[in-house]
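The structure file data_23.txt is reproduced below (compact mmCIF, C-alpha atoms and all ligand atoms).
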# COMPACT_ATOMS: atom_id res chain seq x y z
CA MET C 735 85.00 117.84 94.53
CA ALA C 736 84.84 118.03 98.34
CA ALA C 737 86.53 115.08 100.03
CA ARG C 738 84.13 113.23 102.25
CA ASN C 739 85.04 112.35 105.74
CA LYS C 740 83.25 109.01 105.84
CA LYS C 741 82.00 109.57 109.33
CA ARG C 742 80.60 113.02 108.67
CA GLY C 743 77.53 113.96 106.64
CA PHE C 744 77.57 116.69 104.02
CA PHE C 745 76.19 120.08 104.97
CA ILE C 746 74.29 121.60 102.04
CA THR C 747 72.67 125.01 102.34
CA PHE C 748 70.06 126.48 100.01
CA GLU C 749 69.69 130.14 99.25
CA GLY C 750 67.60 132.38 97.03
CA GLY C 751 65.04 135.15 97.00
CA GLU C 752 61.38 134.97 97.92
CA GLY C 753 59.53 132.28 95.95
CA SER C 754 62.69 130.87 94.39
CA GLY C 755 61.41 127.36 95.06
CA LYS C 756 64.00 126.38 97.70
CA SER C 757 61.64 124.64 100.07
CA SER C 758 59.94 122.41 97.50
CA GLN C 759 63.31 121.58 95.94
CA ILE C 760 64.66 120.58 99.35
CA ASN C 761 61.65 118.34 100.01
CA ALA C 762 62.02 116.66 96.63
CA LEU C 763 65.76 116.20 97.17
CA VAL C 764 65.22 114.42 100.49
CA GLU C 765 63.41 111.64 98.62
CA LYS C 766 66.32 111.33 96.21
CA PHE C 767 68.78 111.04 99.09
CA LYS C 768 66.65 108.29 100.63
CA ALA C 769 66.45 106.53 97.26
CA ILE C 770 70.26 106.21 97.15
CA GLY C 771 70.34 104.98 100.74
CA GLU C 772 71.79 108.15 102.29
CA LYS C 773 70.57 109.46 105.63
CA VAL C 774 69.42 113.06 105.52
CA ILE C 775 67.56 115.63 107.58
CA VAL C 776 66.13 119.03 106.71
CA THR C 777 66.28 122.16 108.79
CA ARG C 778 65.58 125.82 108.12
CA GLU C 779 66.60 129.29 109.17
CA PRO C 780 65.54 131.19 111.00
CA GLY C 781 64.21 128.26 113.00
CA GLY C 782 64.78 124.56 112.70
CA SER C 783 65.33 124.00 116.43
CA SER C 784 63.02 125.00 119.28
CA GLY C 785 65.19 127.97 120.30
CA GLY C 786 65.54 128.95 116.64
CA GLU C 787 61.79 128.82 116.06
CA ALA C 788 61.21 131.09 119.08
CA VAL C 789 63.53 133.70 117.57
CA ARG C 790 61.99 133.18 114.10
CA HIS C 791 58.71 134.42 115.44
CA VAL C 792 60.29 137.68 116.64
CA LEU C 793 62.17 138.22 113.37
CA LEU C 794 59.39 137.48 110.88
CA SER C 795 56.82 139.49 112.83
CA GLY C 796 59.04 142.54 112.22
CA ALA C 797 59.39 143.17 115.97
CA ALA C 798 63.17 143.66 115.63
CA GLU C 799 63.05 145.67 112.40
CA SER C 800 63.06 149.12 114.00
CA PHE C 801 66.23 148.26 115.96
CA GLY C 802 68.22 147.94 112.73
CA SER C 803 70.08 145.39 110.61
CA GLU C 804 72.82 144.67 113.14
CA MET C 805 70.42 143.70 115.89
CA GLU C 806 68.48 141.59 113.39
CA ALA C 807 71.72 139.94 112.27
CA ILE C 808 72.64 139.07 115.85
CA LEU C 809 69.18 137.57 116.36
CA PHE C 810 69.53 135.50 113.19
CA PHE C 811 72.86 134.24 114.53
CA ALA C 812 71.28 133.49 117.92
CA ALA C 813 68.71 131.32 116.15
CA ARG C 814 71.52 129.82 114.05
CA LEU C 815 73.59 128.92 117.10
CA ASP C 816 70.72 126.92 118.57
CA ASN C 817 70.04 125.22 115.23
CA ILE C 818 73.74 124.31 114.91
CA GLN C 819 74.14 123.04 118.45
CA THR C 820 70.97 121.04 118.71
CA ILE C 821 70.29 119.88 115.14
CA ILE C 822 73.00 120.46 112.52
CA LYS C 823 76.25 119.52 114.29
CA PRO C 824 74.94 116.35 115.98
CA ALA C 825 73.47 115.14 112.67
CA LEU C 826 76.66 115.79 110.66
CA GLU C 827 78.78 114.11 113.31
CA SER C 828 76.63 111.00 113.22
CA GLY C 829 77.03 110.73 109.43
CA VAL C 830 73.69 112.24 108.47
CA HIS C 831 73.56 114.80 105.64
CA VAL C 832 71.89 118.11 106.49
CA LEU C 833 69.91 120.20 104.01
CA CYS C 834 69.41 123.68 105.42
CA ASP C 835 66.87 126.13 103.99
CA ARG C 836 68.92 129.36 104.27
CA PHE C 837 72.07 129.86 106.36
CA PHE C 838 74.65 132.60 106.86
CA ASP C 839 74.54 133.75 103.23
CA SER C 840 71.00 134.98 103.89
CA THR C 841 72.37 137.20 106.64
CA ARG C 842 75.17 138.42 104.34
CA VAL C 843 72.60 139.30 101.68
CA TYR C 844 69.58 140.51 103.69
CA GLN C 845 71.21 142.23 106.65
CA GLY C 846 74.57 142.90 104.95
CA ALA C 847 74.44 143.75 101.23
CA SER C 848 70.85 145.00 101.26
CA GLY C 849 70.86 146.17 104.90
CA LYS C 850 73.21 148.05 107.15
CA ALA C 851 75.09 145.35 109.03
CA ASN C 852 78.81 145.75 108.43
CA ASP C 853 80.98 142.95 107.07
CA GLU C 854 83.26 142.86 110.08
CA LEU C 855 80.37 142.11 112.42
CA LEU C 856 78.98 139.44 110.11
CA ASN C 857 82.40 137.84 109.58
CA SER C 858 83.00 137.70 113.31
CA LEU C 859 79.60 136.15 113.98
CA GLU C 860 80.23 133.55 111.27
CA ARG C 861 83.63 132.68 112.72
CA VAL C 862 82.32 132.32 116.26
CA VAL C 863 79.01 130.60 115.54
CA CYS C 864 79.64 128.55 112.38
CA ALA C 865 83.31 127.51 112.51
CA ASP C 866 82.47 123.82 113.05
CA VAL C 867 79.75 123.64 110.46
CA TRP C 868 80.90 125.45 107.34
CA PRO C 869 78.68 124.44 104.38
CA ASP C 870 80.23 121.88 102.03
CA LEU C 871 78.02 123.24 99.28
CA THR C 872 75.70 126.22 98.96
CA ILE C 873 73.06 126.02 96.26
CA ILE C 874 71.79 129.42 95.20
CA ILE C 875 68.56 129.22 93.23
CA ASP C 876 68.59 132.24 90.96
CA LEU C 877 65.26 133.64 89.79
CA ASP C 878 64.00 137.01 88.62
CA PRO C 879 62.28 138.51 91.70
CA ARG C 880 59.21 139.33 89.58
CA LYS C 881 58.66 135.61 89.11
CA GLY C 882 59.61 134.74 92.67
CA LEU C 883 57.28 137.25 94.28
CA ALA C 884 54.37 136.10 92.11
CA ARG C 885 55.02 132.54 93.31
CA ALA C 886 55.34 133.65 96.94
CA SER C 887 52.07 135.58 96.92
CA LYS C 888 50.27 132.68 95.21
CA ARG C 889 51.56 130.36 97.92
CA ARG C 890 50.58 132.81 100.65
CA ALA C 891 47.03 133.43 99.37
CA LYS C 892 45.81 130.42 101.29
CA ASN C 893 47.61 131.35 104.47
CA THR C 894 48.28 134.81 105.85
CA LYS C 895 49.62 138.31 105.29
CA PRO C 896 53.08 138.89 103.76
CA ASP C 897 55.85 138.63 106.35
CA ARG C 898 58.36 141.37 107.20
CA PHE C 899 60.62 140.42 104.27
CA GLU C 900 58.01 139.63 101.61
CA LYS C 901 56.67 143.19 101.87
CA GLU C 902 59.86 144.69 100.51
CA THR C 903 60.22 146.32 97.12
CA LEU C 904 61.30 144.82 93.84
CA ALA C 905 64.35 147.10 93.76
CA LEU C 906 65.48 145.58 97.02
CA GLN C 907 64.85 142.05 95.74
CA ASP C 908 66.92 142.87 92.63
CA LYS C 909 69.73 144.06 94.87
CA ARG C 910 69.62 140.81 96.82
CA ARG C 911 69.66 138.74 93.66
CA GLN C 912 72.79 140.58 92.56
CA ALA C 913 74.32 140.14 96.01
CA TYR C 914 73.85 136.36 95.78
CA LEU C 915 75.47 136.35 92.32
CA ASP C 916 78.43 138.38 93.63
CA LEU C 917 78.80 136.10 96.62
CA ALA C 918 78.90 133.01 94.38
CA LYS C 919 81.58 134.66 92.27
CA LYS C 920 83.69 135.32 95.36
CA GLU C 921 83.36 131.77 96.70
CA PRO C 922 83.07 129.51 93.66
CA ASP C 923 84.34 126.44 95.53
CA ARG C 924 81.48 126.53 98.00
CA CYS C 925 78.68 128.13 95.99
CA VAL C 926 76.85 127.09 92.87
CA ILE C 927 74.21 129.10 91.03
CA ILE C 928 71.22 127.10 89.82
CA ASP C 929 68.87 128.59 87.24
CA GLY C 930 65.45 128.63 88.94
CA LEU C 931 63.50 128.97 85.69
CA GLY C 932 61.73 125.92 84.33
CA THR C 933 59.66 123.12 85.79
CA PRO C 934 60.38 121.88 89.32
CA ALA C 935 61.73 118.65 87.78
CA GLN C 936 64.15 120.58 85.57
CA VAL C 937 65.43 122.64 88.48
CA ALA C 938 65.70 119.49 90.62
CA ALA C 939 67.80 117.79 87.93
CA ARG C 940 70.16 120.79 87.83
CA ILE C 941 70.55 120.62 91.60
CA ARG C 942 71.37 116.90 91.61
CA LYS C 943 73.86 117.42 88.80
CA ALA C 944 75.62 120.10 90.86
CA ILE C 945 75.64 117.88 93.96
CA HIS C 946 77.11 115.09 91.90
CA LYS C 947 79.82 117.32 90.48
CA ARG C 948 80.78 118.87 93.82
CA LEU C 949 80.16 116.08 96.32
CA GLY C 950 80.01 112.87 94.29
CA LEU C 951 76.48 111.89 95.30
CA PHE C 952 73.81 111.05 92.69
CA LYS C 953 76.15 109.38 90.29
CA PRO C 954 74.58 109.10 86.82
CA ALA C 955 73.47 105.55 86.05
CA THR C 956 75.99 105.03 83.21
CA ARG C 957 78.78 102.61 84.16
CA LYS C 958 81.91 101.26 82.49
CA LYS C 959 81.31 97.76 81.09
CA SER C 960 84.78 96.43 81.92
CA GLY C 961 84.22 96.46 85.69
CA GLY C 962 87.05 96.22 88.21
CA SER C 963 87.58 99.95 88.56
CA ALA C 964 87.80 101.06 92.15
CA SER C 965 85.50 104.01 91.63
CA VAL C 966 82.84 101.87 89.97
CA ALA C 967 83.02 99.40 92.83
CA LYS C 968 82.85 102.19 95.38
CA ASN C 969 79.76 103.68 93.82
CA LYS C 970 78.05 100.42 92.95
CA LYS C 971 75.43 100.62 95.66
CA GLN C 972 74.72 104.24 94.85
CA SER C 973 74.47 103.77 91.08
CA THR C 974 72.14 100.82 91.42
CA ALA C 975 69.87 102.57 93.87
CA SER C 976 69.78 105.79 91.90
CA LYS C 977 69.00 104.33 88.48
CA GLY C 978 65.58 105.89 88.49
CA SER C 979 66.84 109.20 89.77
CA ALA C 980 69.82 110.13 87.62
CA PRO C 981 70.44 113.88 87.42
CA ASN C 982 68.86 114.17 84.02
CA ASP C 983 65.61 112.36 84.66
P1 LIG Y 1 60.78 132.15 105.23
O1 LIG Y 1 59.34 132.20 105.61
O2 LIG Y 1 61.59 131.04 105.80
O3 LIG Y 1 60.78 132.27 103.69
P2 LIG Y 1 61.69 131.85 102.48
O4 LIG Y 1 60.86 130.87 101.74
O5 LIG Y 1 61.91 133.12 101.75
O6 LIG Y 1 62.98 131.27 102.98
O7 LIG Y 1 61.38 133.57 105.63
C1 LIG Y 1 62.62 133.80 106.10
C2 LIG Y 1 62.91 135.26 105.82
O8 LIG Y 1 63.96 135.68 106.65
C3 LIG Y 1 63.33 135.49 104.38
O9 LIG Y 1 62.66 136.62 103.86
C4 LIG Y 1 64.80 135.83 104.47
C5 LIG Y 1 64.96 136.33 105.88
N1 LIG Y 1 66.27 136.05 106.45
C6 LIG Y 1 67.15 137.09 106.73
O10 LIG Y 1 66.82 138.26 106.49
N2 LIG Y 1 68.36 136.83 107.29
C7 LIG Y 1 68.75 135.54 107.59
O11 LIG Y 1 69.88 135.32 108.11
C8 LIG Y 1 67.84 134.47 107.30
C9 LIG Y 1 68.23 133.06 107.64
C10 LIG Y 1 66.62 134.76 106.74

Would you mind giving the structure from this file in structure tokens?
Amino acid sequence: MAARNKKRGFFITFEGGEGSGKSSQINALVEKFKAIGEKVIVTREPGGSSGGEAVRHVLLSGAAESFGSEMEAILFFAARLDNIQTIIKPALESGVHVLCDRFFDSTRVYQGASGKANDELLNSLERVVCADVWPDLTIIIDLDPRKGLARASKRRAKNTKPDRFEKETLALQDKRRQAYLDLAKKEPDRCVIIDGLGTPAQVAARIRKAIHKRLGLFKPATRKKSGGSASVAKNKKQSTASKGSAPND
């Protein structure tokens, strides 16, 4: 379990393919954080900050696509730098938890494993841009791309055309799914794979269980009767507040 520097919030990133349900899971999780009295903010990539959103527009429109994966990767890191400097780092330093919808693993998977950006470039960008804000936990929602794409196009029907990345083939989505699984295998201390199949409530419960196991938040409501244990006392406020939101509810 990651040790918590009391003054610093936890940085939790969410990853997965198109339509894996990340965004709705993040929104639901925010309410659970609030219910246990923890301060939390949500950001996303590319975007999240005003500079990041400006770059998001360029990236999702496909305007940078013809210049290749490495230029795209650098643009994603430019957006990331602004998000880190203006949103993520200040929040973490003031004790607020940050939930980030995609982070550098997306670049590793989309521009790296399934693109042409080389590892050395990506590693260097990560070291320079993200050194101060390495994720405490990365939740990878794993879902068969066939299911994810169906969800994504259903969601999009009301809005607009598919973006630059949603237009890509199933073979490519399969490759990305595998890349996320490989990545989690390589960094098991930081990454956890969550099965994205099932109802949103079931997936949400799996996520809270993982957060509990890795970071100690969302303690299940069961408590020792004897009392007096330091850990029970420490988590008293949390357990009481989270009675209605235990991981298995
Ligand atoms: P977005 O509309 O935020 O969708 P999603 O719900 O899939 O997160 O689209 C962001 C797209 O940008 C998504 O297809 C993944 C891609 N992306 C990269 O290729 N590299 C990156 O570093 C990031 C952060 C995102």

Do you know which residues are at most 8 Å from C:Tyr914 counting all atoms listed in the file, after dropping those on the same chain fewer than 6 positions away, and could you put them as a PyMOL selection string? chain C and resi 750+839+843+874

Give me the residues within 9 Å of C:Cys834 as a VMD selection string, counting only C-alpha atoms and dropping any in the same chain fewer than 5 places off. chain C and resid 745 to 749 760 775 to 779 782 822

Here is a test: counting all atoms listed in the file, which residue of C:Asp870, C:Glu900, C:Glu854, C:Asp908 is nearest to C:Asp923?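 Closest residue, counting all atoms listed in the file: C:Asp870.
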
When you draw a straight line from atom C8 of ligand LIG 1 (chain Y) to atom CA of C:Phe767, how long is it in Å?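 Atom-to-atom, atom C8 of ligand LIG 1 (chain Y) to atom CA of C:Phe767, that is 24.8 Å.
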
Output the neighbourhood of ligand LIG 1 (chain Y) as a PyMOL selection string, that is, all protein and nucleic acid residues with some atom at most 7 Å from the ligand, counting all atoms listed in the file. chain C and resi 751-753+756-757+778-780+794+807+810+835-841+844-845+899-900

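For the atom pair formed by atom CA of C:Lys773 and atom CA of C:Ile821, the distance is 14.1 Å, given to one decimal.
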
Residues within 10 Å of C:Ser784, please, as a PyMOL selection string. Count all atoms listed in the file; anything in the same chain fewer than 4 positions from it doesn't count. chain C and resi 788-790+813+816-817+820-821

Hey, can you check how far atom CA of C:Ile941 sits from atom CA of C:Val926?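 Computing the Euclidean distance for atom CA of C:Ile941 and atom CA of C:Val926 yields 9.1 Å.
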
Counting only C-alpha atoms, the option among C:Ala762, C:Ile928, C:Ile808, C:Gly781 closest to C:Val862: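 Looking at the shortest contact to C:Val862, the residue is C:Ile808.
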
Go through C:Pro869, C:Glu902, C:Val863, C:Ala851 one by one, measure the shortest atom-to-atom distance of each to C:Leu883 using only C-alpha atoms, and give the residue with the smallest value.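 Under the stated criterion, the closest residue is C:Glu902.
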
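Among C:Phe811, C:Arg890, C:Ala847, C:Ser828, the residue with the shortest atom-to-atom distance to C:Arg861, counting all atoms listed in the file, is C:Phe811.
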
Smallest atom-to-atom distance to C:Ala884: which of C:Ala938, C:Ala812, C:Leu904, C:Leu763, using all atoms listed in the file? C:Leu904

Please rebuild stretch 929-948 of chain C with N, CA, C and O atoms and give the result as a PDB file, in the frame of the given file.
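Produced file part-v6.pdb, reproduced below:
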ATOM      1  N   ASP C 929      69.928 127.832  87.903  1.00  0.00           N
ATOM      2  CA  ASP C 929      68.870 128.590  87.240  1.00  0.00           C
ATOM      3  C   ASP C 929      67.512 128.085  87.755  1.00  0.00           C
ATOM      4  O   ASP C 929      67.180 126.912  87.626  1.00  0.00           O
ATOM      5  N   GLY C 930      66.730 129.006  88.341  1.00  0.00           N
ATOM      6  CA  GLY C 930      65.450 128.630  88.940  1.00  0.00           C
ATOM      7  C   GLY C 930      64.292 128.632  87.954  1.00  0.00           C
ATOM      8  O   GLY C 930      63.156 128.341  88.330  1.00  0.00           O
ATOM      9  N   LEU C 931      64.574 128.969  86.696  1.00  0.00           N
ATOM     10  CA  LEU C 931      63.500 128.970  85.690  1.00  0.00           C
ATOM     11  C   LEU C 931      63.266 127.547  85.196  1.00  0.00           C
ATOM     12  O   LEU C 931      64.200 126.771  85.094  1.00  0.00           O
ATOM     13  N   GLY C 932      62.027 127.249  84.856  1.00  0.00           N
ATOM     14  CA  GLY C 932      61.730 125.920  84.330  1.00  0.00           C
ATOM     15  C   GLY C 932      60.825 125.158  85.263  1.00  0.00           C
ATOM     16  O   GLY C 932      60.389 125.695  86.292  1.00  0.00           O
ATOM     17  N   THR C 933      60.551 123.919  84.936  1.00  0.00           N
ATOM     18  CA  THR C 933      59.660 123.120  85.790  1.00  0.00           C
ATOM     19  C   THR C 933      60.421 122.714  87.048  1.00  0.00           C
ATOM     20  O   THR C 933      61.666 122.668  87.039  1.00  0.00           O
ATOM     21  N   PRO C 934      59.697 122.362  88.109  1.00  0.00           N
ATOM     22  CA  PRO C 934      60.380 121.880  89.320  1.00  0.00           C
ATOM     23  C   PRO C 934      61.302 120.698  89.016  1.00  0.00           C
ATOM     24  O   PRO C 934      62.416 120.618  89.556  1.00  0.00           O
ATOM     25  N   ALA C 935      60.882 119.821  88.099  1.00  0.00           N
ATOM     26  CA  ALA C 935      61.730 118.650  87.780  1.00  0.00           C
ATOM     27  C   ALA C 935      63.024 119.082  87.094  1.00  0.00           C
ATOM     28  O   ALA C 935      64.090 118.510  87.352  1.00  0.00           O
ATOM     29  N   GLN C 936      62.933 120.095  86.249  1.00  0.00           N
ATOM     30  CA  GLN C 936      64.150 120.580  85.570  1.00  0.00           C
ATOM     31  C   GLN C 936      65.119 121.197  86.570  1.00  0.00           C
ATOM     32  O   GLN C 936      66.320 120.957  86.535  1.00  0.00           O
ATOM     33  N   VAL C 937      64.563 122.001  87.476  1.00  0.00           N
ATOM     34  CA  VAL C 937      65.430 122.640  88.480  1.00  0.00           C
ATOM     35  C   VAL C 937      66.041 121.556  89.385  1.00  0.00           C
ATOM     36  O   VAL C 937      67.233 121.593  89.713  1.00  0.00           O
ATOM     37  N   ALA C 938      65.219 120.572  89.753  1.00  0.00           N
ATOM     38  CA  ALA C 938      65.700 119.490  90.620  1.00  0.00           C
ATOM     39  C   ALA C 938      66.857 118.734  89.952  1.00  0.00           C
ATOM     40  O   ALA C 938      67.838 118.377  90.615  1.00  0.00           O
ATOM     41  N   ALA C 939      66.739 118.511  88.649  1.00  0.00           N
ATOM     42  CA  ALA C 939      67.800 117.790  87.930  1.00  0.00           C
ATOM     43  C   ALA C 939      69.094 118.608  87.938  1.00  0.00           C
ATOM     44  O   ALA C 939      70.186 118.056  88.105  1.00  0.00           O
ATOM     45  N   ARG C 940      68.951 119.932  87.801  1.00  0.00           N
ATOM     46  CA  ARG C 940      70.160 120.790  87.830  1.00  0.00           C
ATOM     47  C   ARG C 940      70.821 120.705  89.211  1.00  0.00           C
ATOM     48  O   ARG C 940      72.045 120.678  89.335  1.00  0.00           O
ATOM     49  N   ILE C 941      69.998 120.681  90.238  1.00  0.00           N
ATOM     50  CA  ILE C 941      70.550 120.620  91.600  1.00  0.00           C
ATOM     51  C   ILE C 941      71.299 119.300  91.821  1.00  0.00           C
ATOM     52  O   ILE C 941      72.423 119.285  92.331  1.00  0.00           O
ATOM     53  N   ARG C 942      70.707 118.198  91.402  1.00  0.00           N
ATOM     54  CA  ARG C 942      71.370 116.900  91.610  1.00  0.00           C
ATOM     55  C   ARG C 942      72.671 116.813  90.804  1.00  0.00           C
ATOM     56  O   ARG C 942      73.658 116.241  91.252  1.00  0.00           O
ATOM     57  N   LYS C 943      72.647 117.418  89.624  1.00  0.00           N
ATOM     58  CA  LYS C 943      73.860 117.420  88.800  1.00  0.00           C
ATOM     59  C   LYS C 943      74.980 118.175  89.536  1.00  0.00           C
ATOM     60  O   LYS C 943      76.133 117.728  89.565  1.00  0.00           O
ATOM     61  N   ALA C 944      74.613 119.308  90.127  1.00  0.00           N
ATOM     62  CA  ALA C 944      75.620 120.100  90.860  1.00  0.00           C
ATOM     63  C   ALA C 944      76.125 119.328  92.076  1.00  0.00           C
ATOM     64  O   ALA C 944      77.328 119.328  92.371  1.00  0.00           O
ATOM     65  N   ILE C 945      75.221 118.652  92.769  1.00  0.00           N
ATOM     66  CA  ILE C 945      75.640 117.880  93.960  1.00  0.00           C
ATOM     67  C   ILE C 945      76.565 116.739  93.520  1.00  0.00           C
ATOM     68  O   ILE C 945      77.564 116.440  94.180  1.00  0.00           O
ATOM     69  N   HIS C 946      76.243 116.164  92.396  1.00  0.00           N
ATOM     70  CA  HIS C 946      77.110 115.090  91.900  1.00  0.00           C
ATOM     71  C   HIS C 946      78.520 115.622  91.590  1.00  0.00           C
ATOM     72  O   HIS C 946      79.529 115.049  92.007  1.00  0.00           O
ATOM     73  N   LYS C 947      78.540 116.752  90.895  1.00  0.00           N
ATOM     74  CA  LYS C 947      79.820 117.320  90.480  1.00  0.00           C
ATOM     75  C   LYS C 947      80.672 117.730  91.687  1.00  0.00           C
ATOM     76  O   LYS C 947      81.870 117.483  91.743  1.00  0.00           O
ATOM     77  N   ARG C 948      80.017 118.330  92.687  1.00  0.00           N
ATOM     78  CA  ARG C 948      80.780 118.870  93.820  1.00  0.00           C
ATOM     79  C   ARG C 948      81.039 117.833  94.913  1.00  0.00           C
ATOM     80  O   ARG C 948      82.072 117.868  95.568  1.00  0.00           O
TER      81      ARG C 948
END
